[in-house]
file coords.txt (compact mmCIF, C-alpha atoms)
# COMPACT_ATOMS: atom_id res chain seq x y z
CA MET A 30 -17.74 114.05 23.59
CA ARG A 31 -19.21 113.07 26.95
CA HIS A 32 -18.42 109.39 26.30
CA ILE A 33 -14.86 110.19 25.23
CA THR A 34 -14.15 112.27 28.32
CA SER A 35 -15.80 109.79 30.74
CA THR A 36 -13.82 106.75 29.57
CA PRO A 37 -10.45 107.83 31.10
CA LEU A 38 -12.10 108.70 34.41
CA LEU A 39 -13.98 105.39 34.56
CA THR A 40 -10.77 103.55 33.69
CA VAL A 41 -8.80 105.23 36.49
CA ILE A 42 -11.51 104.47 39.04
CA ALA A 43 -11.66 100.83 37.95
CA MET A 44 -7.87 100.43 38.14
CA PHE A 45 -7.80 101.79 41.69
CA ALA A 46 -10.65 99.45 42.65
CA PHE A 47 -8.82 96.42 41.24
CA ALA A 48 -5.63 97.42 43.05
CA ALA A 49 -7.62 97.76 46.27
CA ASN A 50 -8.68 94.13 45.98
CA SER A 51 -5.07 92.95 46.22
CA LEU A 52 -4.41 95.17 49.22
CA LEU A 53 -7.59 94.17 51.04
CA CYS A 54 -6.92 90.50 50.44
CA ARG A 55 -3.32 90.73 51.66
CA LEU A 56 -4.38 92.73 54.71
CA ALA A 57 -6.92 90.04 55.61
CA LEU A 58 -4.97 86.89 54.75
CA GLY A 59 -1.48 88.16 55.56
CA ASP A 60 -2.53 88.92 59.12
CA GLN A 61 -4.59 85.70 59.29
CA GLN A 62 -7.76 87.64 60.00
CA ILE A 63 -9.84 85.23 57.91
CA ASP A 64 -9.34 82.02 55.92
CA ALA A 65 -9.10 82.17 52.12
CA ALA A 66 -12.37 80.36 51.37
CA SER A 67 -14.36 82.55 53.76
CA PHE A 68 -12.78 85.71 52.33
CA ALA A 69 -13.78 84.67 48.82
CA THR A 70 -17.31 83.73 49.91
CA VAL A 71 -17.94 86.95 51.85
CA ARG A 72 -16.50 88.91 48.94
CA VAL A 73 -18.89 87.31 46.44
CA VAL A 74 -21.97 87.38 48.68
CA SER A 75 -21.46 91.01 49.72
CA GLY A 76 -20.92 91.95 46.09
CA ALA A 77 -24.14 90.17 45.11
CA ILE A 78 -26.12 91.96 47.83
CA THR A 79 -24.73 95.40 46.95
CA LEU A 80 -25.38 95.01 43.23
CA SER A 81 -28.85 93.58 43.83
CA LEU A 82 -29.76 96.65 45.89
CA PHE A 83 -28.70 98.86 43.00
CA MET A 84 -30.77 96.78 40.58
CA LEU A 85 -33.98 96.62 42.65
CA PRO A 86 -35.55 99.71 41.00
CA HIS A 87 -34.88 98.18 37.57
CA TRP A 88 -36.10 94.71 38.48
CA GLY A 89 -39.20 96.08 40.18
CA GLY A 90 -40.15 98.39 37.34
CA GLY A 91 -41.76 95.78 35.15
CA ARG A 92 -38.79 95.69 32.76
CA ARG A 93 -37.63 92.44 31.25
CA ARG A 94 -34.76 90.99 33.26
CA ALA A 95 -31.62 89.83 31.46
CA GLY A 96 -30.98 86.08 31.46
CA PHE A 97 -28.37 84.48 33.68
CA ASP A 98 -25.03 83.59 32.11
CA TRP A 99 -23.50 80.58 33.84
CA ARG A 100 -20.34 80.85 31.74
CA ALA A 101 -19.61 84.40 32.92
CA ALA A 102 -20.55 83.52 36.51
CA SER A 103 -18.15 80.57 36.44
CA MET A 104 -15.34 82.84 35.22
CA LEU A 105 -16.07 85.28 38.04
CA PHE A 106 -16.14 82.45 40.57
CA GLY A 107 -12.85 81.04 39.25
CA TYR A 108 -11.11 84.39 39.49
CA VAL A 109 -12.26 85.11 43.06
CA ILE A 110 -11.49 81.65 44.44
CA PHE A 111 -8.06 81.23 42.84
CA PHE A 112 -7.16 84.84 43.69
CA SER A 113 -7.87 84.30 47.39
CA PHE A 114 -6.02 81.02 47.74
CA ALA A 115 -3.04 82.34 45.74
CA TYR A 116 -2.56 85.18 48.21
CA LEU A 117 -1.98 82.71 51.02
CA SER A 118 1.57 82.27 49.77
CA LEU A 119 2.31 85.20 47.44
CA SER A 120 3.43 88.72 48.27
CA ALA A 121 1.25 91.59 47.06
CA GLY A 122 3.71 92.64 44.33
CA THR A 123 4.35 89.16 42.99
CA GLY A 124 0.66 88.32 43.01
CA ALA A 125 -0.26 91.51 41.17
CA LEU A 126 2.37 90.87 38.48
CA LEU A 127 1.23 87.30 37.88
CA LEU A 128 -2.45 88.27 37.87
CA PHE A 129 -2.26 91.20 35.50
CA GLY A 130 0.37 89.58 33.31
CA SER A 131 -2.11 86.77 32.71
CA VAL A 132 -4.96 89.22 32.12
CA GLN A 133 -2.81 91.16 29.66
CA LEU A 134 -1.89 88.04 27.71
CA THR A 135 -5.52 86.95 27.51
CA MET A 136 -6.68 90.34 26.25
CA ILE A 137 -3.86 90.73 23.73
CA ILE A 138 -4.48 87.29 22.25
CA ALA A 139 -8.15 88.24 21.84
CA ALA A 140 -7.14 91.51 20.18
CA LEU A 141 -4.79 89.81 17.75
CA ARG A 142 -7.43 87.22 16.88
CA SER A 143 -9.86 90.02 16.07
CA GLY A 144 -7.34 91.58 13.67
CA GLU A 145 -6.52 94.66 15.71
CA PRO A 146 -3.28 96.32 14.47
CA PHE A 147 -0.30 96.48 16.82
CA ASN A 148 2.71 98.28 15.37
CA ILE A 149 6.35 98.15 16.44
CA TRP A 150 6.07 101.17 18.74
CA SER A 151 3.08 99.67 20.49
CA TRP A 152 5.03 96.45 21.05
CA ALA A 153 7.97 98.47 22.33
CA GLY A 154 5.72 100.28 24.79
CA LEU A 155 4.18 97.04 25.97
CA LEU A 156 7.61 95.44 26.45
CA LEU A 157 8.78 98.50 28.40
CA ALA A 158 5.74 98.30 30.65
CA VAL A 159 6.27 94.58 31.27
CA ALA A 160 9.98 95.18 31.93
CA GLY A 161 9.04 97.77 34.54
CA LEU A 162 6.79 95.29 36.30
CA VAL A 163 9.42 92.56 36.22
CA TYR A 164 11.98 94.97 37.63
CA LEU A 165 9.52 95.97 40.34
CA VAL A 166 8.96 92.48 41.73
CA SER A 167 11.88 90.29 40.66
CA PRO A 168 15.30 91.63 41.75
CA GLY A 169 16.02 90.78 45.36
CA ILE A 170 12.77 88.83 45.77
CA THR A 171 12.78 85.05 46.02
CA ALA A 172 10.88 83.00 43.49
CA PRO A 173 7.15 82.75 44.26
CA ASP A 174 5.59 79.59 45.62
CA PRO A 175 4.82 77.37 42.57
CA LEU A 176 1.31 76.50 43.73
CA GLY A 177 0.46 80.10 44.56
CA ALA A 178 1.86 81.30 41.24
CA GLY A 179 -0.15 78.72 39.32
CA LEU A 180 -3.35 79.66 41.14
CA MET A 181 -2.83 83.36 40.40
CA ILE A 182 -2.17 82.70 36.72
CA VAL A 183 -5.46 80.80 36.50
CA ALA A 184 -7.17 83.71 38.28
CA GLY A 185 -5.75 86.11 35.69
CA LEU A 186 -6.94 83.99 32.78
CA ALA A 187 -10.42 83.83 34.29
CA TRP A 188 -10.51 87.60 34.81
CA GLY A 189 -9.33 88.28 31.26
CA LEU A 190 -12.05 86.07 29.77
CA TYR A 191 -14.64 87.55 32.12
CA SER A 192 -13.71 91.07 31.02
CA LEU A 193 -14.08 90.12 27.36
CA VAL A 194 -17.49 88.56 27.96
CA GLY A 195 -18.61 91.57 30.01
CA ARG A 196 -17.69 93.93 27.21
CA ARG A 197 -20.66 92.60 25.22
CA ALA A 198 -23.15 93.00 28.07
CA GLY A 199 -26.08 95.22 27.18
CA ASN A 200 -26.53 96.31 30.80
CA PRO A 201 -23.22 95.82 32.65
CA LEU A 202 -24.73 96.55 36.06
CA GLU A 203 -27.47 93.95 35.66
CA SER A 204 -25.13 91.37 34.13
CA THR A 205 -22.60 91.82 36.93
CA ALA A 206 -25.32 91.53 39.57
CA ASN A 207 -26.60 88.31 37.98
CA ASN A 208 -23.08 86.89 37.82
CA PHE A 209 -22.39 87.62 41.48
CA ILE A 210 -25.70 86.03 42.44
CA LEU A 211 -24.86 82.86 40.50
CA ALA A 212 -21.29 82.78 41.83
CA ALA A 213 -22.42 83.04 45.47
CA PRO A 214 -23.59 79.41 45.90
CA MET A 215 -20.40 78.22 44.16
CA ALA A 216 -18.28 80.14 46.67
CA ILE A 217 -20.37 78.89 49.59
CA ALA A 218 -19.79 75.33 48.39
CA VAL A 219 -16.03 75.91 48.49
CA SER A 220 -16.30 77.27 52.05
CA ILE A 221 -18.14 74.11 53.07
CA LEU A 222 -15.43 72.04 51.41
CA PHE A 223 -12.76 73.90 53.42
CA ILE A 224 -14.77 74.11 56.65
CA GLY A 225 -11.81 72.67 58.53
CA ASP A 226 -9.82 75.83 57.81
CA LEU A 227 -12.57 78.16 59.01
CA HIS A 228 -11.17 81.21 60.79
CA LEU A 229 -13.06 84.48 61.17
CA SER A 230 -12.52 87.85 62.84
CA THR A 231 -14.45 91.10 62.69
CA ARG A 232 -11.61 92.85 60.87
CA GLY A 233 -11.27 90.02 58.37
CA LEU A 234 -15.00 90.07 57.63
CA LEU A 235 -14.99 93.85 57.16
CA LEU A 236 -12.06 93.65 54.75
CA ALA A 237 -13.85 90.94 52.75
CA VAL A 238 -17.07 92.98 52.65
CA ALA A 239 -15.15 96.04 51.44
CA SER A 240 -13.55 93.93 48.74
CA GLY A 241 -16.89 92.54 47.61
CA SER A 242 -19.15 95.56 47.88
CA VAL A 243 -16.83 98.35 46.74
CA ALA A 244 -13.64 97.10 45.09
CA SER A 245 -15.25 94.13 43.32
CA GLY A 246 -18.93 94.82 42.70
CA LEU A 247 -18.78 98.50 41.91
CA GLY A 248 -15.30 98.10 40.44
CA TYR A 249 -16.60 95.65 37.82
CA VAL A 250 -19.52 97.91 36.94
CA THR A 251 -17.11 100.79 36.36
CA TRP A 252 -14.74 98.62 34.34
CA TYR A 253 -17.50 97.36 32.05
CA ALA A 254 -18.62 100.92 31.42
CA ALA A 255 -15.02 101.89 30.59
CA LEU A 256 -14.57 98.91 28.27
CA LYS A 257 -17.16 100.33 25.88
CA GLY A 258 -14.64 103.05 24.99
CA LEU A 259 -11.53 100.85 24.96
CA THR A 260 -10.11 98.41 22.43
CA SER A 261 -9.00 94.98 23.66
CA THR A 262 -5.32 95.95 23.39
CA ARG A 263 -5.77 99.22 25.22
CA ALA A 264 -7.82 97.50 27.92
CA ALA A 265 -5.07 94.93 28.37
CA THR A 266 -2.36 97.59 28.56
CA VAL A 267 -3.98 99.96 31.04
CA GLN A 268 -4.36 97.07 33.47
CA LEU A 269 -0.58 97.01 33.76
CA SER A 270 -0.93 100.09 35.94
CA VAL A 271 -2.70 98.11 38.66
CA PRO A 272 0.43 96.45 40.14
CA VAL A 273 2.04 99.88 40.39
CA ILE A 274 -1.02 101.29 42.14
CA ALA A 275 -1.02 98.26 44.45
CA ALA A 276 2.67 98.78 45.20
CA ILE A 277 2.08 102.41 46.13
CA GLY A 278 -0.86 101.32 48.25
CA GLY A 279 1.44 98.84 49.94
CA VAL A 280 3.69 101.72 50.93
CA LEU A 281 0.78 103.58 52.49
CA MET A 282 -1.16 100.68 54.00
CA LEU A 283 1.45 97.99 54.64
CA ALA A 284 4.37 100.28 55.54
CA GLU A 285 6.51 99.04 52.66
CA PRO A 286 9.57 101.23 52.04
CA VAL A 287 9.79 103.68 49.14
CA THR A 288 12.73 102.55 47.02
CA LEU A 289 14.47 103.71 43.86
CA ARG A 290 13.39 100.38 42.34
CA LEU A 291 9.74 101.29 42.89
CA VAL A 292 10.18 104.74 41.36
CA LEU A 293 12.03 103.46 38.27
CA ALA A 294 9.65 100.55 37.74
CA SER A 295 6.66 102.86 38.01
CA ALA A 296 8.16 105.23 35.44
CA ALA A 297 8.86 102.37 33.02
CA THR A 298 5.43 100.83 33.39
CA LEU A 299 3.44 104.03 33.07
CA GLY A 300 5.73 105.25 30.29
CA GLY A 301 5.16 102.03 28.36
CA ILE A 302 1.42 102.33 28.77
CA ALA A 303 1.55 105.90 27.50
CA MET A 304 3.43 104.75 24.37
CA VAL A 305 0.79 102.15 23.53
CA LEU A 306 -2.08 104.54 24.10
CA LEU A 307 -0.36 107.20 22.00
CA GLN A 308 -0.02 104.78 19.06
CA ARG A 309 -3.71 103.87 19.36
CA THR A 310 -4.64 107.56 19.35
CA LYS A 311 -2.56 108.21 16.23
CA ARG A 312 -4.21 105.34 14.37
CA GLN A 313 -7.69 106.55 15.31
CA HIS A 314 -6.89 109.98 13.86

call {"tool": "encode", "arguments": {"input": "coords.txt", "output": "structure tokens"}}
result
Amino acid sequence: MRHITSTPLLTVIAMFAFAANSLLCRLALGDQQIDAASFATVRVVSGAITLSLFMLPHWGGGRRRAGFDWRAASMLFGYVIFFSFAYLSLSAGTGALLLFGSVQLTMIIAALRSGEPFNIWSWAGLLLAVAGLVYLVSPGITAPDPLGAGLMIVAGLAWGLYSLVGRRAGNPLESTANNFILAAPMAIAVSILFIGDLHLSTRGLLLAVASGSVASGLGYVTWYAALKGLTSTRAATVQLSVPVIAAIGGVLMLAEPVTLRLVLASAATLGGIAMVLLQRTKRQH
């Protein structure tokens, strides 16, 4: 019972953390407080430090340490780097749609390959949720920059694969810490490659640290814990709520106006998610 009741709470916390990453990145890059490579590097390094501090009691207790997974670390690195550079040219709403649309597709393909059932009502709910997101970001908004859109799609694919790999982790906190540690030198190498674009400010660094330590590091730990109680399809669907959360955060943090479009799109997206989850609940009982 404890596991059942904790899964929804962990899922909500993780979704808010993931939405915060988009807002923090846009706040930093949109105001040119920091360059994209430095934001990604500080995000990864601060995440590695935070997670390592949490793991010190475990690593120092004589327990056997889990092996490093270069495949998972590369997926994490790919997501963070492409995410940062994509937000140089994308708006928060467009970026969130492209990112989580790609994540959703990756997770659903994995679910279908594993033989998970998906009935007509579940498909209807998923289509309604997607329609809500499209309505949220498309009407009245110009087409996104092709390069930025491509980078964000790659980021979403990397995140989807990383989430699937993390679901099998025996100790999600230790695995995530190891992955951040391995991804750190990769990110530093990219910063060296883009040293000509170096631009730092105190505010930009603080936003990157917040993204790495709280929204990314601890957000991933929470998400991996939640994934143990979620199917692949449900995990893919609940992530559709993140663009809506990010949009609401944009209203509060970026002074974006509250519109009827936002209200209707939010209702469609959350309503679609509820339909899918309801069908999963019925099948389980």

call {"tool": "closest_residue", "arguments": {"input": "coords.txt", "among": "A:Gly144, A:Gly248, A:Gly241, A:Pro214", "to": "A:Thr40", "atoms": "only C-alpha atoms"}}
result
A:Gly248

call {"tool": "atom_distance", "arguments": {"input": "coords.txt", "atom1": "atom CA of A:Gly122", "atom2": "atom CA of A:Met181"}}
result
12.0 Å

call {"tool": "residues_around", "arguments": {"input": "coords.txt", "residues": "A:Ser131", "least_positions_apart": "6", "cutoff": "7 Å", "atoms": "all atoms listed in the file", "output": "PyMOL selection string"}}
result
chain A and resi 182+185-186

call {"tool": "write_last_selection", "arguments": {"input": "coords.txt", "atoms": "C-alpha atoms", "output": "PDB file, in the coordinates of the input"}}
result
ATOM      1  CA  ILE A 182      -2.170  82.700  36.720  1.00  0.00           C
ATOM      2  CA  GLY A 185      -5.750  86.110  35.690  1.00  0.00           C
ATOM      3  CA  LEU A 186      -6.940  83.990  32.780  1.00  0.00           C
TER       4      LEU A 186
END

call {"tool": "closest_atom_pairs", "arguments": {"input": "coords.txt", "of": "stretch 106-146 of chain A", "to": "stretch 60-64 of chain A", "cutoff": "12 Å", "atoms": "only C-alpha atoms", "output": "Markdown table"}}
result
| residue | atom | partner | partner_atom | distance |
| --- | --- | --- | --- | --- |
| A:Ile110 | CA | A:Asp64 | CA | 11.7 |
| A:Ser113 | CA | A:Asp64 | CA | 9.0 |
| A:Phe114 | CA | A:Asp64 | CA | 8.9 |
| A:Ala115 | CA | A:Asp64 | CA | 12.0 |
| A:Tyr116 | CA | A:Asp64 | CA | 10.7 |
| A:Leu117 | CA | A:Asp64 | CA | 8.9 |
| A:Ser118 | CA | A:Gln61 | CA | 11.8 |

call {"tool": "closest_residue", "arguments": {"input": "coords.txt", "among": "A:Tyr253, A:Phe223, A:Phe209, A:Trp188", "to": "A:Trp99", "atoms": "only C-alpha atoms"}}
result
A:Phe209

call {"tool": "residues_around", "arguments": {"input": "coords.txt", "residues": "stretch 145-158 of chain A", "least_positions_apart": "2", "cutoff": "6 Å", "atoms": "all atoms listed in the file", "output": "VMD selection string"}}
result
chain A and resid 140 to 141 143 160 to 161 297 to 298 301 304 to 305

call {"tool": "closest_residue", "arguments": {"input": "coords.txt", "among": "A:Leu259, A:Ala77, A:Ala102, A:Leu211", "to": "A:Ser240", "atoms": "all atoms listed in the file"}}
result
A:Ala77

call {"tool": "atom_distance", "arguments": {"input": "coords.txt", "atom1": "atom CA of A:Gly233", "atom2": "atom CA of A:Ser220"}}
result
15.1 Å

call {"tool": "residues_near_point", "arguments": {"input": "coords.txt", "point": "(-23.2, 96.1, 32.0)", "cutoff": "12 Å", "atoms": "all atoms listed in the file", "output": "VMD selection string"}}
result
chain A and resid 80 84 95 192 to 208 246 to 257

call {"tool": "atom_distance", "arguments": {"input": "coords.txt", "atom1": "atom CA of A:Leu222", "atom2": "atom CA of A:Phe68"}}
result
14.0 Å

call {"tool": "closest_residue", "arguments": {"input": "coords.txt", "among": "A:Ala48, A:Val73, A:Ile42, A:Ala213", "to": "A:Ala237", "atoms": "only C-alpha atoms"}}
result
A:Val73

call {"tool": "axis_aligned_box", "arguments": {"input": "coords.txt", "around": "stretch 103-110 of chain A", "padding_each_side": "4 Å", "output": "AutoDock Vina command-line options"}}
result
--center_x -14.6 --center_y 82.9 --center_z 39.8 --size_x 15.0 --size_y 12.7 --size_z 17.2

call {"tool": "closest_residue", "arguments": {"input": "coords.txt", "among": "A:Val163, A:Val238, A:Ile224, A:Val271", "to": "A:Gly76", "atoms": "only C-alpha atoms"}}
result
A:Val238

call {"tool": "closest_residue", "arguments": {"input": "coords.txt", "among": "A:Leu105, A:Leu281, A:Ala244, A:Leu235", "to": "A:Asn50", "atoms": "only C-alpha atoms"}}
result
A:Ala244

call {"tool": "residues_around", "arguments": {"input": "coords.txt", "residues": "A:Gly130", "least_positions_apart": "5", "cutoff": "9 Å", "atoms": "all atoms listed in the file", "output": "PyMOL selection string"}}
result
chain A and resi 125+135+159+182+185+268-269
